[in-house]
Amino acid sequence: MTGNRPDRNFWTDKRVLITGHTGFKGGWLTLWLNRLGAQVSGISLKPNTKPNLFDLARINLLCDSHFCDILNKEALSTLIKKLQPEVVFHLAAQPLVRHSYQEPAETFNTNVMGTAHLLDAIGSLRCVKVAVMVTTDKVYSNKEWHWPYRENDTLGGHDPYSASKAACEIVIDSYRESFLAQQGLALASARAGNVIGGGDWSADRLLPDAVRVWQNGEPLEVRRPNAVRPWQHVLEPLTGYIILAEQLWKNSDLAGAYNFGPSSQEAASVRDVIELARASSDGGGKVHYGDGSEGPREAGFLSLDITKARHALGFESRLVLAEAIQLTMDWYRFQHSGVNPLELCDSDIIKYEALF
């Protein structure tokens with residue numbers, strides 16, 4: 001299979017900062033960059049779920065870990081100045097759609113002002129050469145049309161989470177054009193699809209919710225079985241983030257926004273995902289499918305066009321949906337039976353790297 005893979009020679013001894021390293025994707029990114037030889041530092045709040053990947057995989061031993069709120073501008077700036085990173089990945093966020101309805105101001109504050117504080121901090125340092133700011137596939141003004149969104153489609157968001165991330169994109173573009181490009185800092189945003197994989201215990205996420213209730217012998221309540229999303233295993237977008245940083249280091253003209261997701265024909269409904277998850281769990285999980293009317297509004301159809309990432313970066317999706325779900329459900333099953341979570345993550349990374 002063609003396509004670029006993470007380059008160990010590039011990452012060896014690179015000073016890398018990851019915000020949100022205590023979260024699901026941030027934890028996996030910390031693990032992988034550590035394996036690639038980078039000197040990883042992390043800034044985040046403490047983990048907000050029990051259990052969580054950060055504690056179970058002892059990620060604090062694989063990086064220089066710091067607990068700091070990105071809304072504390074002075075503390076954040078002081079800490080980043082001390083760390084002197086060369087590459088920054090920004091994943092710290094309020095990441096949940098339904099929570100954004102409950103706490104809209106908190107969501108906007110964290111996602112928009114937290115991002116601005118980080119950009120202020122790294123913009124004052126000459127050591128930072130590349131920054132990848134992770135937003136979401138939900139930054140697009142969703143028209144409920146049945147073709148994938150491209151990076152130049154209109155930004156927007158009905159719910160506070162999506163709107164806050166669309167606002168982030170505008171902030172990122174403004175900092176790039178007004179300040180950072182001129183001083184040689186290559187700044188990009190990464191818009192990834194719905195991410196699955198072992199080690200996520202957040203509420204209101206489809207497979208973590210399924211694992212939680214099925215392990216307790218309870219049925220899964222599914223609100224919107226017909227909603228379609230670009231599902232992908234966590235190692236897919238992380239590959240995109242990593243090779244994006246590598247390419248930006250070589251060519252700052254590549255700065256901009258990028259979609260990372262499966263091929264558009266791999267977008268699938270919630271029902272499809274759950275049925276594949278049940279099959280990979282011996283079909284034992286019970287499900288109650290709703291009619292789509294429960295809860296606040298969420299988009300019905302969403303798919304991403306990854307043509308830009310494919311041509312500019314050599315990014316390719318490598319797992320079909322069934323494989324991604326099988327990896328995910330196997331991770332939770334083995335972890336529940338007592339296998340070391342760090343070993344499970346390392347095993348998944350090794351399997352994935354073998355696909356290049």
# chains A, B, ... in the order shown; residues from 1 in each chain; ligands from 1
>>> residues_around(residues="range 352-355 of chain A", least_positions_apart="2", cutoff="10 Å", atoms="only C-alpha atoms", output="ChimeraX atom specification")
/A:1-2,5-6,235-236,239,318-319,346-350
>>> select_by_dssp(residues="range 63-172 of chain A", states="strand (DSSP E or B)", output="count of residues only")
16
>>> select_by_dssp(residues="range 141-229 of chain A", states="helix (DSSP H, G or I)", output="PDB file with C-alpha atoms, in the first residue's frame")
ATOM      1  CA  PRO A 160     -22.032  24.844  20.907  1.00  0.00           C
ATOM      2  CA  TYR A 161     -19.263  22.243  20.521  1.00  0.00           C
ATOM      3  CA  SER A 162     -19.274  22.394  16.715  1.00  0.00           C
ATOM      4  CA  ALA A 163     -19.571  26.194  16.739  1.00  0.00           C
ATOM      5  CA  SER A 164     -16.676  26.509  19.186  1.00  0.00           C
ATOM      6  CA  LYS A 165     -14.455  24.366  16.979  1.00  0.00           C
ATOM      7  CA  ALA A 166     -15.441  26.312  13.856  1.00  0.00           C
ATOM      8  CA  ALA A 167     -14.504  29.460  15.768  1.00  0.00           C
ATOM      9  CA  CYS A 168     -11.168  27.799  16.609  1.00  0.00           C
ATOM     10  CA  GLU A 169     -10.496  27.400  12.900  1.00  0.00           C
ATOM     11  CA  ILE A 170     -11.021  31.131  12.366  1.00  0.00           C
ATOM     12  CA  VAL A 171      -8.699  31.944  15.301  1.00  0.00           C
ATOM     13  CA  ILE A 172      -6.027  29.581  13.947  1.00  0.00           C
ATOM     14  CA  ASP A 173      -6.224  31.086  10.464  1.00  0.00           C
ATOM     15  CA  SER A 174      -6.004  34.606  11.883  1.00  0.00           C
ATOM     16  CA  TYR A 175      -2.891  33.848  13.958  1.00  0.00           C
ATOM     17  CA  ARG A 176      -1.262  32.135  10.973  1.00  0.00           C
ATOM     18  CA  GLU A 177      -1.915  34.986   8.572  1.00  0.00           C
ATOM     19  CA  SER A 178      -1.343  37.870  11.002  1.00  0.00           C
ATOM     20  CA  PHE A 179       1.652  36.695  13.019  1.00  0.00           C
ATOM     21  CA  LEU A 180       3.032  33.183  12.796  1.00  0.00           C
ATOM     22  CA  LEU A 206     -20.820   5.143  21.137  1.00  0.00           C
ATOM     23  CA  LEU A 207     -18.373   2.274  21.656  1.00  0.00           C
ATOM     24  CA  PRO A 208     -17.253   3.274  25.180  1.00  0.00           C
ATOM     25  CA  ASP A 209     -20.938   3.382  26.146  1.00  0.00           C
ATOM     26  CA  ALA A 210     -21.480  -0.033  24.530  1.00  0.00           C
ATOM     27  CA  VAL A 211     -18.503  -1.588  26.283  1.00  0.00           C
ATOM     28  CA  ARG A 212     -19.590  -0.135  29.622  1.00  0.00           C
ATOM     29  CA  VAL A 213     -23.139  -1.482  29.557  1.00  0.00           C
ATOM     30  CA  TRP A 214     -22.384  -4.802  27.854  1.00  0.00           C
ATOM     31  CA  GLN A 215     -19.725  -5.646  30.427  1.00  0.00           C
TER      32      GLN A 215
END
>>> closest_residue(among="A:Ala181, A:Leu244, A:Ile325, A:Ala203", to="Lys50 in chain A", atoms="only C-alpha atoms")
A:Ala203
>>> residues_around(residues="Asn9 in chain A", least_positions_apart="3", cutoff="12 Å", atoms="only C-alpha atoms", output="list in words")
Arg5, Pro6, Thr12, Asp13, Lys14, Leu33, Arg35, Leu36, Gly37, Ala38 and Glu246 of chain A
>>> residues_around(residues="range 65-81 of chain A", least_positions_apart="5", cutoff="7 Å", atoms="only C-alpha atoms", output="VMD selection string")
chain A and resid 41 to 46 60 110 113 to 114 117 121
>>> write_last_selection(atoms="N, CA and C atoms", output="PDB file, in the first residue's frame")
ATOM      1  N   SER A  41       6.695  16.213  26.030  1.00  0.00           N
ATOM      2  CA  SER A  41       6.149  16.876  27.207  1.00  0.00           C
ATOM      3  C   SER A  41       4.641  16.977  27.031  1.00  0.00           C
ATOM      4  N   GLY A  42       3.915  16.979  28.140  1.00  0.00           N
ATOM      5  CA  GLY A  42       2.472  17.075  28.079  1.00  0.00           C
ATOM      6  C   GLY A  42       1.932  18.133  29.019  1.00  0.00           C
ATOM      7  N   ILE A  43       0.923  18.859  28.562  1.00  0.00           N
ATOM      8  CA  ILE A  43       0.203  19.830  29.385  1.00  0.00           C
ATOM      9  C   ILE A  43      -1.280  19.508  29.280  1.00  0.00           C
ATOM     10  N   SER A  44      -1.928  19.350  30.419  1.00  0.00           N
ATOM     11  CA  SER A  44      -3.339  18.976  30.408  1.00  0.00           C
ATOM     12  C   SER A  44      -3.930  19.164  31.789  1.00  0.00           C
ATOM     13  N   LEU A  45      -5.252  19.077  31.861  1.00  0.00           N
ATOM     14  CA  LEU A  45      -5.918  18.860  33.132  1.00  0.00           C
ATOM     15  C   LEU A  45      -5.718  17.410  33.549  1.00  0.00           C
ATOM     16  N   LYS A  46      -6.021  17.095  34.792  1.00  0.00           N
ATOM     17  CA  LYS A  46      -5.966  15.708  35.230  1.00  0.00           C
ATOM     18  C   LYS A  46      -7.063  14.908  34.511  1.00  0.00           C
ATOM     19  N   ASN A  60       2.379   8.910  32.263  1.00  0.00           N
ATOM     20  CA  ASN A  60       3.244   9.903  32.912  1.00  0.00           C
ATOM     21  C   ASN A  60       4.709   9.481  32.910  1.00  0.00           C
ATOM     22  N   THR A 110     -13.065  27.215  26.812  1.00  0.00           N
ATOM     23  CA  THR A 110     -11.971  26.252  26.708  1.00  0.00           C
ATOM     24  C   THR A 110     -11.477  26.117  25.277  1.00  0.00           C
ATOM     25  N   MET A 113     -10.791  30.350  23.633  1.00  0.00           N
ATOM     26  CA  MET A 113      -9.788  31.133  24.348  1.00  0.00           C
ATOM     27  C   MET A 113      -8.581  30.281  24.743  1.00  0.00           C
ATOM     28  N   GLY A 114      -8.810  29.000  25.059  1.00  0.00           N
ATOM     29  CA  GLY A 114      -7.676  28.124  25.347  1.00  0.00           C
ATOM     30  C   GLY A 114      -6.747  28.018  24.154  1.00  0.00           C
ATOM     31  N   HIS A 117      -4.826  31.304  23.821  1.00  0.00           N
ATOM     32  CA  HIS A 117      -3.747  31.384  24.815  1.00  0.00           C
ATOM     33  C   HIS A 117      -2.540  30.574  24.378  1.00  0.00           C
ATOM     34  N   ALA A 121       1.252  31.889  23.409  1.00  0.00           N
ATOM     35  CA  ALA A 121       2.443  31.368  24.088  1.00  0.00           C
ATOM     36  C   ALA A 121       3.491  30.884  23.097  1.00  0.00           C
TER      37      ALA A 121
END
>>> atom_distance(atom1="CA of Trp249 in chain A", atom2="CA of Phe315 in chain A")
16.1 Å
>>> closest_residue(among="A:Pro104, A:Gly157, A:Pro296, A:Gly23", to="Asn52 in chain A", atoms="only C-alpha atoms")
A:Gly23
>>> atom_distance(atom1="CA of Gln183 in chain A", atom2="CA of Tyr241 in chain A")
22.0 Å
>>> residues_around(residues="Gly26 in chain A", least_positions_apart="3", cutoff="12 Å", atoms="only C-alpha atoms", output="PyMOL selection string")
chain A and resi 17-23+29-33+40-45+47+52-54+59-60+63+65+88-93+134+199-200+234-235+237-238+241
>>> write_last_selection(atoms="N, CA and C atoms", output="short mmCIF file (atom, residue, chain, number, x, y, z; two decimals), in the first residue's frame")
data_model
loop_
_atom_site.label_atom_id
_atom_site.label_comp_id
_atom_site.auth_asym_id
_atom_site.auth_seq_id
_atom_site.Cartn_x
_atom_site.Cartn_y
_atom_site.Cartn_z
N LEU A 17 5.64 18.99 22.33
CA LEU A 17 4.63 19.29 23.35
C LEU A 17 3.27 18.83 22.85
N ILE A 18 2.56 18.10 23.71
CA ILE A 18 1.19 17.68 23.43
C ILE A 18 0.28 18.28 24.51
N THR A 19 -0.66 19.11 24.13
CA THR A 19 -1.68 19.52 25.09
C THR A 19 -2.81 18.49 25.04
N GLY A 20 -3.39 18.21 26.20
CA GLY A 20 -4.43 17.19 26.26
C GLY A 20 -3.86 15.78 26.27
N HIS A 21 -2.66 15.61 26.81
CA HIS A 21 -2.02 14.29 26.80
C HIS A 21 -2.67 13.31 27.77
N THR A 22 -3.52 13.79 28.66
CA THR A 22 -4.23 12.88 29.56
C THR A 22 -5.52 12.35 28.96
N GLY A 23 -5.89 12.85 27.79
CA GLY A 23 -7.10 12.40 27.12
C GLY A 23 -6.86 11.16 26.28
N LEU A 29 -1.25 9.45 21.24
CA LEU A 29 -0.22 10.21 20.54
C LEU A 29 1.07 10.25 21.36
N THR A 30 0.94 10.43 22.67
CA THR A 30 2.11 10.41 23.54
C THR A 30 2.84 9.07 23.46
N LEU A 31 2.07 7.98 23.53
CA LEU A 31 2.66 6.65 23.43
C LEU A 31 3.42 6.46 22.12
N TRP A 32 2.79 6.85 21.02
CA TRP A 32 3.40 6.59 19.70
C TRP A 32 4.65 7.45 19.50
N LEU A 33 4.58 8.74 19.85
CA LEU A 33 5.74 9.59 19.67
C LEU A 33 6.89 9.17 20.58
N VAL A 40 8.93 13.87 24.67
CA VAL A 40 7.55 14.36 24.74
C VAL A 40 7.28 15.03 26.09
N SER A 41 6.70 16.21 26.03
CA SER A 41 6.15 16.88 27.21
C SER A 41 4.64 16.98 27.03
N GLY A 42 3.91 16.98 28.14
CA GLY A 42 2.47 17.07 28.08
C GLY A 42 1.93 18.13 29.02
N ILE A 43 0.92 18.86 28.56
CA ILE A 43 0.20 19.83 29.39
C ILE A 43 -1.28 19.51 29.28
N SER A 44 -1.93 19.35 30.42
CA SER A 44 -3.34 18.98 30.41
C SER A 44 -3.93 19.16 31.79
N LEU A 45 -5.25 19.08 31.86
CA LEU A 45 -5.92 18.86 33.13
C LEU A 45 -5.72 17.41 33.55
N PRO A 47 -6.88 13.61 34.35
CA PRO A 47 -7.90 12.80 33.67
C PRO A 47 -9.26 12.97 34.34
N ASN A 52 -9.11 5.49 33.14
CA ASN A 52 -8.63 6.30 32.02
C ASN A 52 -7.30 5.75 31.54
N LEU A 53 -7.00 6.00 30.27
CA LEU A 53 -5.81 5.45 29.64
C LEU A 53 -4.54 6.02 30.26
N PHE A 54 -4.56 7.29 30.64
CA PHE A 54 -3.37 7.94 31.19
C PHE A 54 -2.85 7.21 32.42
N ILE A 59 1.14 6.64 31.42
CA ILE A 59 1.68 7.52 30.39
C ILE A 59 2.59 8.59 30.99
N ASN A 60 2.38 8.91 32.26
CA ASN A 60 3.24 9.90 32.91
C ASN A 60 4.71 9.48 32.91
N CYS A 63 6.58 10.60 29.42
CA CYS A 63 6.68 12.00 29.01
C CYS A 63 6.95 12.86 30.24
N SER A 65 5.30 15.22 32.22
CA SER A 65 3.87 15.51 32.35
C SER A 65 3.62 16.68 33.30
N VAL A 88 4.50 21.30 18.31
CA VAL A 88 3.37 21.34 19.25
C VAL A 88 2.16 20.68 18.60
N PHE A 89 1.52 19.79 19.36
CA PHE A 89 0.22 19.23 18.98
C PHE A 89 -0.80 19.69 20.02
N HIS A 90 -1.83 20.38 19.56
CA HIS A 90 -2.84 20.91 20.49
C HIS A 90 -4.10 20.06 20.42
N LEU A 91 -4.33 19.26 21.48
CA LEU A 91 -5.52 18.42 21.56
C LEU A 91 -6.40 18.76 22.76
N ALA A 92 -5.93 19.61 23.67
CA ALA A 92 -6.71 19.94 24.85
C ALA A 92 -8.00 20.64 24.43
N ALA A 93 -9.13 20.18 24.97
CA ALA A 93 -10.43 20.73 24.54
C ALA A 93 -11.54 20.21 25.43
N VAL A 134 -5.63 20.47 16.60
CA VAL A 134 -6.65 19.47 16.30
C VAL A 134 -8.03 20.04 16.58
N GLY A 199 -9.26 2.34 25.19
CA GLY A 199 -8.78 3.30 26.16
C GLY A 199 -9.61 4.56 26.29
N ASP A 200 -10.75 4.63 25.60
CA ASP A 200 -11.64 5.77 25.73
C ASP A 200 -12.79 5.39 26.65
N VAL A 234 -8.23 5.23 16.09
CA VAL A 234 -7.43 6.36 16.58
C VAL A 234 -6.08 6.47 15.89
N LEU A 235 -5.48 5.37 15.50
CA LEU A 235 -4.16 5.43 14.87
C LEU A 235 -4.20 6.03 13.46
N PRO A 237 -6.09 8.96 12.34
CA PRO A 237 -5.83 10.40 12.36
C PRO A 237 -4.49 10.75 12.98
N LEU A 238 -4.02 9.95 13.96
CA LEU A 238 -2.72 10.25 14.55
C LEU A 238 -1.62 10.14 13.50
N TYR A 241 -1.77 13.44 11.77
CA TYR A 241 -1.16 14.53 12.55
C TYR A 241 0.36 14.46 12.48
#
>>> residues_around(residues="Leu254 in chain A", least_positions_apart="4", cutoff="9 Å", atoms="only C-alpha atoms", output="list of chain:residue names")
A:Ala186, A:Leu187, A:Ala188, A:Leu244, A:Gln247, A:Leu248, A:Ala312, A:Leu313
>>> decode(residues="range 138-234 of chain A", atoms="C-alpha atoms", output="mmCIF file, in the first residue's frame")
data_model
loop_
_atom_site.group_PDB
_atom_site.id
_atom_site.type_symbol
_atom_site.label_atom_id
_atom_site.label_comp_id
_atom_site.auth_asym_id
_atom_site.auth_seq_id
_atom_site.Cartn_x
_atom_site.Cartn_y
_atom_site.Cartn_z
ATOM 1 C CA LYS A 138 -17.890 18.984 12.916
ATOM 2 C CA VAL A 139 -16.480 22.429 12.008
ATOM 3 C CA TYR A 140 -18.480 22.462 8.761
ATOM 4 C CA SER A 141 -21.871 24.091 8.378
ATOM 5 C CA ASN A 142 -23.753 20.834 7.964
ATOM 6 C CA LYS A 143 -26.166 20.920 5.036
ATOM 7 C CA GLU A 144 -27.195 17.260 5.469
ATOM 8 C CA TRP A 145 -26.021 16.645 1.923
ATOM 9 C CA HIS A 146 -24.728 13.225 0.870
ATOM 10 C CA TRP A 147 -21.241 14.079 -0.297
ATOM 11 C CA PRO A 148 -18.095 14.701 1.748
ATOM 12 C CA TYR A 149 -16.991 18.098 3.053
ATOM 13 C CA ARG A 150 -13.815 19.681 1.722
ATOM 14 C CA GLU A 151 -11.488 22.029 3.594
ATOM 15 C CA ASN A 152 -12.815 25.071 1.693
ATOM 16 C CA ASP A 153 -16.474 24.388 2.524
ATOM 17 C CA THR A 154 -18.317 26.811 4.801
ATOM 18 C CA LEU A 155 -17.539 26.624 8.513
ATOM 19 C CA GLY A 156 -20.326 26.647 11.088
ATOM 20 C CA GLY A 157 -22.006 24.686 13.833
ATOM 21 C CA HIS A 158 -25.493 24.321 15.250
ATOM 22 C CA ASP A 159 -24.466 22.932 18.643
ATOM 23 C CA PRO A 160 -22.032 24.844 20.907
ATOM 24 C CA TYR A 161 -19.263 22.243 20.521
ATOM 25 C CA SER A 162 -19.274 22.394 16.715
ATOM 26 C CA ALA A 163 -19.571 26.194 16.739
ATOM 27 C CA SER A 164 -16.676 26.509 19.186
ATOM 28 C CA LYS A 165 -14.455 24.366 16.979
ATOM 29 C CA ALA A 166 -15.441 26.312 13.856
ATOM 30 C CA ALA A 167 -14.504 29.460 15.768
ATOM 31 C CA CYS A 168 -11.168 27.799 16.609
ATOM 32 C CA GLU A 169 -10.496 27.400 12.900
ATOM 33 C CA ILE A 170 -11.021 31.131 12.366
ATOM 34 C CA VAL A 171 -8.699 31.944 15.301
ATOM 35 C CA ILE A 172 -6.027 29.581 13.947
ATOM 36 C CA ASP A 173 -6.224 31.086 10.464
ATOM 37 C CA SER A 174 -6.004 34.606 11.883
ATOM 38 C CA TYR A 175 -2.891 33.848 13.958
ATOM 39 C CA ARG A 176 -1.262 32.135 10.973
ATOM 40 C CA GLU A 177 -1.915 34.986 8.572
ATOM 41 C CA SER A 178 -1.343 37.870 11.002
ATOM 42 C CA PHE A 179 1.652 36.695 13.019
ATOM 43 C CA LEU A 180 3.032 33.183 12.796
ATOM 44 C CA ALA A 181 3.710 32.699 9.083
ATOM 45 C CA GLN A 182 5.951 35.764 9.006
ATOM 46 C CA GLN A 183 8.086 34.469 11.856
ATOM 47 C CA GLY A 184 8.540 31.026 10.302
ATOM 48 C CA LEU A 185 6.120 28.980 12.427
ATOM 49 C CA ALA A 186 4.156 26.556 10.243
ATOM 50 C CA LEU A 187 0.625 26.317 11.667
ATOM 51 C CA ALA A 188 -2.020 23.837 10.542
ATOM 52 C CA SER A 189 -5.401 22.589 11.726
ATOM 53 C CA ALA A 190 -6.458 18.938 11.587
ATOM 54 C CA ARG A 191 -10.125 17.977 11.190
ATOM 55 C CA ALA A 192 -10.613 14.299 12.043
ATOM 56 C CA GLY A 193 -13.651 12.088 11.843
ATOM 57 C CA ASN A 194 -15.259 10.115 14.681
ATOM 58 C CA VAL A 195 -12.411 8.308 16.416
ATOM 59 C CA ILE A 196 -12.649 4.893 18.046
ATOM 60 C CA GLY A 197 -10.086 2.692 19.772
ATOM 61 C CA GLY A 198 -9.224 1.142 23.094
ATOM 62 C CA GLY A 199 -8.781 3.305 26.158
ATOM 63 C CA ASP A 200 -11.645 5.774 25.729
ATOM 64 C CA TRP A 201 -14.060 5.864 28.671
ATOM 65 C CA SER A 202 -15.718 9.225 27.961
ATOM 66 C CA ALA A 203 -19.465 9.476 28.424
ATOM 67 C CA ASP A 204 -21.750 9.844 25.401
ATOM 68 C CA ARG A 205 -19.396 8.076 23.000
ATOM 69 C CA LEU A 206 -20.820 5.143 21.137
ATOM 70 C CA LEU A 207 -18.373 2.274 21.656
ATOM 71 C CA PRO A 208 -17.253 3.274 25.180
ATOM 72 C CA ASP A 209 -20.938 3.382 26.146
ATOM 73 C CA ALA A 210 -21.480 -0.033 24.530
ATOM 74 C CA VAL A 211 -18.503 -1.588 26.283
ATOM 75 C CA ARG A 212 -19.590 -0.135 29.622
ATOM 76 C CA VAL A 213 -23.139 -1.482 29.557
ATOM 77 C CA TRP A 214 -22.384 -4.802 27.854
ATOM 78 C CA GLN A 215 -19.725 -5.646 30.427
ATOM 79 C CA ASN A 216 -22.449 -5.124 33.055
ATOM 80 C CA GLY A 217 -24.951 -7.257 31.140
ATOM 81 C CA GLU A 218 -27.167 -4.259 30.362
ATOM 82 C CA PRO A 219 -28.688 -3.145 27.021
ATOM 83 C CA LEU A 220 -27.245 -0.238 25.049
ATOM 84 C CA GLU A 221 -29.648 2.634 24.389
ATOM 85 C CA VAL A 222 -28.961 4.126 20.937
ATOM 86 C CA ARG A 223 -30.599 7.506 20.270
ATOM 87 C CA ARG A 224 -29.899 7.960 16.558
ATOM 88 C CA PRO A 225 -29.183 4.653 14.831
ATOM 89 C CA ASN A 226 -29.353 6.152 11.338
ATOM 90 C CA ALA A 227 -26.827 8.960 11.890
ATOM 91 C CA VAL A 228 -23.858 8.534 9.519
ATOM 92 C CA ARG A 229 -20.284 9.451 10.496
ATOM 93 C CA PRO A 230 -16.710 8.971 9.173
ATOM 94 C CA TRP A 231 -15.581 6.426 11.802
ATOM 95 C CA GLN A 232 -11.864 5.646 12.085
ATOM 96 C CA HIS A 233 -9.458 3.932 14.461
ATOM 97 C CA VAL A 234 -7.435 6.359 16.581
#
